[in-house]
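Just input-v2.cif here, mmCIF, C-alpha atoms and all ligand atoms:
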```
data_run
#
loop_
_atom_site.label_atom_id
_atom_site.label_comp_id
_atom_site.auth_asym_id
_atom_site.auth_seq_id
_atom_site.Cartn_x
_atom_site.Cartn_y
_atom_site.Cartn_z
CA MET A 1 54.80 13.41 25.46
CA ASP A 2 56.88 11.81 22.71
CA ALA A 3 56.02 11.98 19.02
CA ARG A 4 55.07 8.30 18.65
CA ARG A 5 52.64 8.42 21.56
CA ILE A 6 50.99 11.55 20.14
CA ALA A 7 50.62 9.77 16.77
CA CYS A 8 49.05 6.66 18.38
CA LEU A 9 46.59 8.71 20.42
CA ASP A 10 45.79 10.83 17.40
CA ALA A 11 45.16 7.71 15.29
CA MET A 12 42.65 6.54 17.95
CA GLY A 13 40.94 9.95 17.97
CA ILE A 14 42.07 10.74 21.54
CA PRO A 15 42.92 14.42 22.07
CA THR A 16 46.38 15.22 23.48
CA TRP A 17 47.54 18.06 25.71
CA THR A 18 50.98 19.59 26.06
CA ARG A 19 52.59 20.75 29.32
CA ARG A 20 52.33 24.48 30.01
CA ALA A 21 56.10 24.79 29.62
CA ASP A 22 55.86 23.33 26.07
CA ARG A 23 53.27 25.83 24.90
CA GLN A 24 54.09 28.47 22.36
CA LEU A 25 54.81 31.93 23.75
CA PRO A 26 52.83 34.84 22.25
CA GLY A 27 54.68 36.18 19.21
CA ALA A 28 56.97 33.13 18.94
CA PRO A 29 57.34 31.60 15.44
CA GLU A 30 54.82 28.88 14.54
CA PRO A 31 56.31 25.45 15.38
CA LEU A 32 55.78 22.53 12.97
CA HIS A 33 52.42 21.13 14.02
CA ALA A 34 53.27 18.48 16.60
CA VAL A 35 50.76 15.91 15.43
CA GLN A 36 51.79 16.31 11.78
CA ALA A 37 55.46 15.86 12.73
CA ALA A 38 54.55 12.88 14.87
CA ARG A 39 52.63 11.30 12.00
CA VAL A 40 55.65 11.60 9.68
CA ALA A 41 57.95 10.20 12.39
CA SER A 42 55.68 7.28 13.19
CA THR A 43 55.08 6.49 9.50
CA GLN A 44 58.82 6.35 8.95
CA ALA A 45 59.48 4.33 12.07
CA GLU A 46 56.78 1.68 11.84
CA ILE A 47 55.35 1.11 8.36
CA PRO A 48 57.60 -0.29 5.62
CA VAL A 49 57.72 1.98 2.58
CA ALA A 50 56.44 -0.92 0.45
CA ALA A 51 53.15 -0.82 2.41
CA LEU A 52 52.46 2.94 2.20
CA ASP A 53 49.61 4.46 0.18
CA TRP A 54 50.12 7.59 -1.94
CA ASP A 55 49.46 10.08 0.87
CA ALA A 56 51.59 8.30 3.47
CA LEU A 57 54.37 7.87 0.93
CA ALA A 58 54.33 11.59 0.08
CA ASP A 59 54.36 12.42 3.82
CA THR A 60 57.30 10.11 4.41
CA VAL A 61 59.28 11.55 1.50
CA SER A 62 58.64 15.10 2.72
CA GLY A 63 60.35 14.29 6.03
CA CYS A 64 63.07 12.04 4.62
CA LEU A 65 66.57 12.20 6.13
CA ARG A 66 67.95 9.02 4.50
CA CYS A 67 70.84 10.66 2.67
CA PRO A 68 72.83 13.91 2.88
CA LEU A 69 70.83 15.55 0.05
CA HIS A 70 68.11 16.46 2.57
CA ALA A 71 70.40 19.15 4.02
CA GLY A 72 70.43 21.23 0.82
CA ARG A 73 66.81 20.99 -0.28
CA THR A 74 64.22 23.75 -0.21
CA ARG A 75 61.54 21.08 -0.54
CA THR A 76 61.30 17.49 -1.68
CA VAL A 77 60.05 16.86 -5.22
CA PHE A 78 57.80 13.82 -4.88
CA GLY A 79 56.28 13.47 -8.34
CA ILE A 80 53.24 14.73 -10.20
CA GLY A 81 50.45 13.56 -12.43
CA SER A 82 47.56 11.17 -12.58
CA HIS A 83 47.52 8.13 -10.27
CA GLN A 84 45.64 6.37 -13.11
CA ALA A 85 48.26 7.20 -15.74
CA ASP A 86 49.43 4.54 -18.21
CA TRP A 87 52.76 6.33 -18.70
CA LEU A 88 55.41 6.88 -16.02
CA ILE A 89 58.27 9.20 -16.95
CA VAL A 90 61.34 8.86 -14.72
CA GLY A 91 64.05 11.53 -14.66
CA GLU A 92 67.09 11.85 -12.46
CA ALA A 93 66.78 14.60 -9.84
CA PRO A 94 65.25 18.01 -9.21
CA GLY A 95 67.15 21.05 -10.47
CA ALA A 96 67.02 24.58 -9.02
CA GLU A 97 63.57 25.45 -10.38
CA GLU A 98 62.09 22.09 -9.34
CA ASP A 99 63.58 22.49 -5.84
CA ARG A 100 61.90 25.91 -5.54
CA ARG A 101 58.51 24.76 -6.80
CA GLY A 102 58.39 21.18 -5.53
CA GLU A 103 57.42 19.85 -8.98
CA PRO A 104 59.52 17.75 -11.37
CA PHE A 105 60.56 18.97 -14.81
CA VAL A 106 59.43 22.59 -14.67
CA GLY A 107 62.59 24.21 -16.07
CA ARG A 108 63.78 24.33 -19.71
CA ALA A 109 64.21 20.57 -19.90
CA GLY A 110 60.69 20.22 -18.51
CA ARG A 111 59.22 22.40 -21.24
CA LEU A 112 60.90 20.17 -23.82
CA LEU A 113 59.53 17.09 -22.06
CA ASP A 114 56.03 18.65 -22.17
CA GLY A 115 56.50 19.16 -25.93
CA MET A 116 57.54 15.53 -26.39
CA LEU A 117 54.48 14.36 -24.46
CA ALA A 118 52.20 16.68 -26.44
CA ALA A 119 53.55 15.19 -29.68
CA LEU A 120 52.34 11.82 -28.37
CA GLY A 121 48.94 13.29 -27.51
CA TYR A 122 49.47 13.48 -23.74
CA ALA A 123 49.07 16.50 -21.48
CA ARG A 124 51.34 16.71 -18.44
CA ASP A 125 48.50 15.72 -16.11
CA GLY A 126 47.69 12.65 -18.22
CA VAL A 127 50.98 10.93 -17.28
CA TYR A 128 52.92 10.56 -14.03
CA ILE A 129 56.37 12.15 -13.69
CA ALA A 130 58.90 11.29 -10.97
CA ASN A 131 62.64 11.31 -10.40
CA VAL A 132 65.18 8.79 -9.12
CA VAL A 133 65.99 11.11 -6.20
CA LYS A 134 63.55 13.47 -4.55
CA CYS A 135 66.00 16.14 -3.35
CA ARG A 136 68.17 18.46 -5.42
CA PRO A 137 71.87 17.51 -5.59
CA PRO A 138 74.22 20.46 -5.03
CA GLU A 139 75.41 22.37 -8.14
CA ASN A 140 73.00 20.23 -10.21
CA ARG A 141 75.48 17.34 -10.18
CA ASP A 142 74.23 13.83 -10.97
CA PRO A 143 72.90 11.94 -7.95
CA ARG A 144 75.48 9.52 -6.56
CA PRO A 145 74.73 5.76 -6.50
CA ASP A 146 74.35 5.80 -2.68
CA GLU A 147 71.81 8.66 -2.96
CA ALA A 148 69.88 6.84 -5.69
CA GLN A 149 69.95 3.72 -3.51
CA ALA A 150 68.66 5.60 -0.44
CA CYS A 151 65.74 6.94 -2.49
CA ALA A 152 65.08 3.65 -4.34
CA PRO A 153 62.26 2.38 -2.08
CA TYR A 154 60.26 5.58 -2.77
CA LEU A 155 60.43 5.29 -6.57
CA ASP A 156 59.82 1.54 -6.40
CA ARG A 157 56.71 2.16 -4.29
CA GLN A 158 55.48 4.86 -6.69
CA ILE A 159 55.79 2.33 -9.52
CA ALA A 160 54.00 -0.38 -7.52
CA LEU A 161 51.12 2.00 -6.69
CA LEU A 162 50.83 3.34 -10.22
CA GLU A 163 51.19 0.04 -12.12
CA PRO A 164 51.99 1.90 -15.36
CA ARG A 165 51.66 0.26 -18.77
CA ILE A 166 54.99 1.78 -19.80
CA ILE A 167 57.96 3.36 -18.04
CA LEU A 168 60.00 5.88 -20.00
CA ALA A 169 63.42 6.30 -18.38
CA VAL A 170 64.91 9.58 -19.54
CA GLY A 171 68.67 9.72 -19.24
CA ARG A 172 71.45 7.61 -17.82
CA VAL A 173 70.67 7.92 -14.11
CA ALA A 174 67.06 6.73 -14.47
CA ALA A 175 67.91 3.98 -16.94
CA GLN A 176 70.78 2.58 -14.87
CA ARG A 177 68.87 2.77 -11.61
CA LEU A 178 65.74 1.05 -12.95
CA LEU A 179 67.56 -1.60 -14.96
CA GLY A 180 70.38 -2.23 -12.46
CA THR A 181 73.06 -1.80 -15.09
CA ASP A 182 75.95 0.53 -15.83
CA SER A 183 75.50 0.45 -19.62
CA PRO A 184 75.29 3.85 -21.32
CA VAL A 185 72.02 5.25 -22.71
CA GLY A 186 73.27 4.79 -26.28
CA ARG A 187 73.35 1.04 -25.71
CA LEU A 188 70.09 0.82 -23.73
CA ARG A 189 67.81 2.86 -25.98
CA GLY A 190 65.95 1.47 -29.00
CA LYS A 191 64.56 -1.66 -27.31
CA VAL A 192 61.88 -2.65 -24.81
CA HIS A 193 63.29 -3.72 -21.42
CA ARG A 194 61.32 -5.09 -18.47
CA TYR A 195 61.17 -3.63 -14.95
CA GLY A 196 60.58 -5.61 -11.78
CA ALA A 197 58.80 -8.86 -11.04
CA GLY A 198 55.73 -7.71 -13.00
CA GLY A 199 57.86 -7.19 -16.13
CA ILE A 200 56.55 -3.68 -16.81
CA PRO A 201 57.78 -2.59 -20.27
CA LEU A 202 60.50 0.07 -20.00
CA VAL A 203 62.01 2.16 -22.77
CA VAL A 204 65.15 4.27 -22.35
CA THR A 205 65.70 7.54 -24.16
CA TRP A 206 67.90 10.62 -24.01
CA HIS A 207 67.33 13.11 -21.18
CA PRO A 208 65.61 16.33 -22.36
CA ALA A 209 68.56 18.37 -20.97
CA TYR A 210 70.84 16.39 -23.32
CA LEU A 211 68.48 17.11 -26.22
CA LEU A 212 68.77 20.83 -25.46
CA ARG A 213 72.52 20.49 -25.98
CA ARG A 214 72.29 18.05 -28.91
CA PRO A 215 69.02 18.75 -30.80
CA GLU A 216 70.08 16.34 -33.56
CA ALA A 217 69.36 13.47 -31.09
CA LYS A 218 65.64 14.40 -31.11
CA ALA A 219 64.98 12.07 -34.06
CA GLU A 220 66.24 9.11 -32.00
CA THR A 221 64.10 10.20 -29.07
CA TRP A 222 61.05 10.36 -31.29
CA ARG A 223 61.70 6.75 -32.40
CA ASP A 224 62.00 5.74 -28.70
CA LEU A 225 58.69 7.43 -27.90
CA VAL A 226 56.95 5.63 -30.77
CA LEU A 227 58.44 2.34 -29.52
CA ALA A 228 57.21 3.10 -25.98
CA ALA A 229 53.71 3.97 -27.26
CA SER A 230 53.54 0.69 -29.14
CA ALA A 231 54.74 -1.29 -26.05
CA ALA A 232 52.05 0.46 -23.96
CA ARG A 233 49.37 -0.40 -26.54
CA GLN A 234 50.51 -4.02 -26.71
CA GLY A 235 50.32 -4.24 -22.88
CA ALA A 236 46.77 -2.85 -23.05
CA THR A 237 45.77 -5.44 -25.68
CA GLU A 238 47.31 -8.28 -23.63
CA ALA A 239 45.37 -7.07 -20.55
CA VAL A 240 42.06 -7.12 -22.49
CA THR A 241 42.61 -10.58 -24.02
CA ALA A 242 43.99 -12.21 -20.82
N1 LIG B 301 65.82 16.90 -14.69
C1 LIG B 301 65.32 15.79 -14.11
O1 LIG B 301 65.79 14.69 -14.35
N2 LIG B 301 64.28 15.94 -13.31
C2 LIG B 301 63.71 17.09 -13.04
O2 LIG B 301 62.76 17.13 -12.29
C3 LIG B 301 64.24 18.23 -13.68
C4 LIG B 301 65.29 18.12 -14.49
#
```
What is this file in structure tokens?
Ligand code: URA
Amino acid sequence: MDARRIACLDAMGIPTWTRRADRQLPGAPEPLHAVQAARVASTQAEIPVAALDWDALADTVSGCLRCPLHAGRTRTVFGIGSHQADWLIVGEAPGAEEDRRGEPFVGRAGRLLDGMLAALGYARDGVYIANVVKCRPPENRDPRPDEAQACAPYLDRQIALLEPRIILAVGRVAAQRLLGTDSPVGRLRGKVHRYGAGGIPLVVTWHPAYLLRRPEAKAETWRDLVLAASAARQGATEAVTA
């Protein structure tokens, strides 16, 4: 029976059987659970990404084959944090540690990001953190524009589901992807941009990995964070008075 039919029957609560020849032999390695695989396949085939909820989106990302990066990943790195968060932090791509653990920003740059958030009064689980691409690029190179484009519907859907009060784009790849520009970070930081049809405030700052190399840029990043906090507060005030 094909994967789509299994998924349809499963969705209707109808049990499915496999032919004797398809059954697992004693001692053979565990196959990927057929119904789980079918669900991922049918989600990808039938439902537009823009209509998925959090769970279906995460399922779809975990089985994604849209660009060549899937071939080198240990696991996808979907994103982490509160679905009620006001702040969305967007980085570029998982590195080696993130690829191993399936969580964004857990290496050295991540610890610096945690420190920046703590200075603002936020714990890691009080914000949402995601990347432009969900799979690790080889040799930690920057994601290519075609890879960022292939992954774009996933990040766009995460933003639509979260409806953050403020997006903080850390580094060039996130800033250029979200603003559709090729301007450098130095020209984009220091002002409040708008993302998407809803005009969500977006502030650009230096990537934490850059700050590890150039600690003197931390003062500029702090000013960007204060600007972002004030844009988030202003959005909250507008929402209350509207
Ligand atoms: N750098 C990023 O942009 N994202 C991560 O998840 C880790 C490092």
Note to self: At a cut-off of 12 Å, using all atoms listed in the file, what residues contact range 187-190 of chain A? Leave out same-chain residues fewer than 6 positions from it and give the result as a PyMOL selection string.
What the structure shows: chain A and resi 168-176+178-181+202-207+217+219-228+231
Margin query: Could you list, as a ChimeraX atom specification, all protein and nucleic acid residues with an atom at most 12 Å from ligand LIG 301 (chain B), counting all atoms listed in the file?
Written below: /A:76-80,89-114,128-137,140-143,168-175,206-212
Next item on the list: Compile the contact shell of Val127 in chain A as a list of chain:residue names: residues with an atom at most 8 Å away, counting all atoms listed in the file, same-chain residues fewer than 3 positions apart removed.
Entry: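 Skipping anything fewer than 3 positions along the chain leaves A:Gly81, A:Ser82, A:Ala85, A:Asp86, A:Trp87, A:Leu88, A:Ile89, A:Tyr122, A:Ala123, A:Arg124.
Atom pair CA of Gln158 in chain A / CA of Gly196 in chain A: separated by 12.7 Å.
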Note to self: Using Å and a single decimal, report how far CA of Cys64 in chain A sits from CA of Pro138 in chain A.
What the structure shows: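 Interatomic distance, CA of Pro138 in chain A to CA of Cys64 in chain A: 17.0 Å.
One distance worth recording is that between CA of Leu120 in chain A and CA of Leu155 in chain A, which is 24.2 Å.
Proximity of A:Leu161, A:Lys218, A:Tyr154, A:Ala197 to Asp59 in chain A, computed with only C-alpha atoms, is greatest for A:Tyr154.
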Next item on the list: Please return, as a ChimeraX atom specification, all polymer residues that have at least one atom within 12 Å of the point (53.8, -2.2, -6.2); use only C-alpha atoms and the file's own coordinate frame.
Entry: /A:49-54,153-164,195-200
Could you write out that same residue set with C-alpha atoms as a PDB file, in the coordinates of the input?
```pdb
ATOM      1  CA  VAL A  49      57.720   1.980   2.580  1.00  0.00           C
ATOM      2  CA  ALA A  50      56.440  -0.920   0.450  1.00  0.00           C
ATOM      3  CA  ALA A  51      53.150  -0.820   2.410  1.00  0.00           C
ATOM      4  CA  LEU A  52      52.460   2.940   2.200  1.00  0.00           C
ATOM      5  CA  ASP A  53      49.610   4.460   0.180  1.00  0.00           C
ATOM      6  CA  TRP A  54      50.120   7.590  -1.940  1.00  0.00           C
ATOM      7  CA  PRO A 153      62.260   2.380  -2.080  1.00  0.00           C
ATOM      8  CA  TYR A 154      60.260   5.580  -2.770  1.00  0.00           C
ATOM      9  CA  LEU A 155      60.430   5.290  -6.570  1.00  0.00           C
ATOM     10  CA  ASP A 156      59.820   1.540  -6.400  1.00  0.00           C
ATOM     11  CA  ARG A 157      56.710   2.160  -4.290  1.00  0.00           C
ATOM     12  CA  GLN A 158      55.480   4.860  -6.690  1.00  0.00           C
ATOM     13  CA  ILE A 159      55.790   2.330  -9.520  1.00  0.00           C
ATOM     14  CA  ALA A 160      54.000  -0.380  -7.520  1.00  0.00           C
ATOM     15  CA  LEU A 161      51.120   2.000  -6.690  1.00  0.00           C
ATOM     16  CA  LEU A 162      50.830   3.340 -10.220  1.00  0.00           C
ATOM     17  CA  GLU A 163      51.190   0.040 -12.120  1.00  0.00           C
ATOM     18  CA  PRO A 164      51.990   1.900 -15.360  1.00  0.00           C
ATOM     19  CA  TYR A 195      61.170  -3.630 -14.950  1.00  0.00           C
ATOM     20  CA  GLY A 196      60.580  -5.610 -11.780  1.00  0.00           C
ATOM     21  CA  ALA A 197      58.800  -8.860 -11.040  1.00  0.00           C
ATOM     22  CA  GLY A 198      55.730  -7.710 -13.000  1.00  0.00           C
ATOM     23  CA  GLY A 199      57.860  -7.190 -16.130  1.00  0.00           C
ATOM     24  CA  ILE A 200      56.550  -3.680 -16.810  1.00  0.00           C
TER      25      ILE A 200
END
```
Checklist line | Selected residue of minimal separation from Ala229 in chain A among A:Arg75, A:Arg214, A:Arg66, A:Arg165, counting only C-alpha atoms | finding: A:Arg165
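When all atoms listed in the file are used to compute distances to Leu57 in chain A, the closest of the residues A:Val192, A:Cys151, A:Ile166, A:Ala119 turns out to be A:Cys151.
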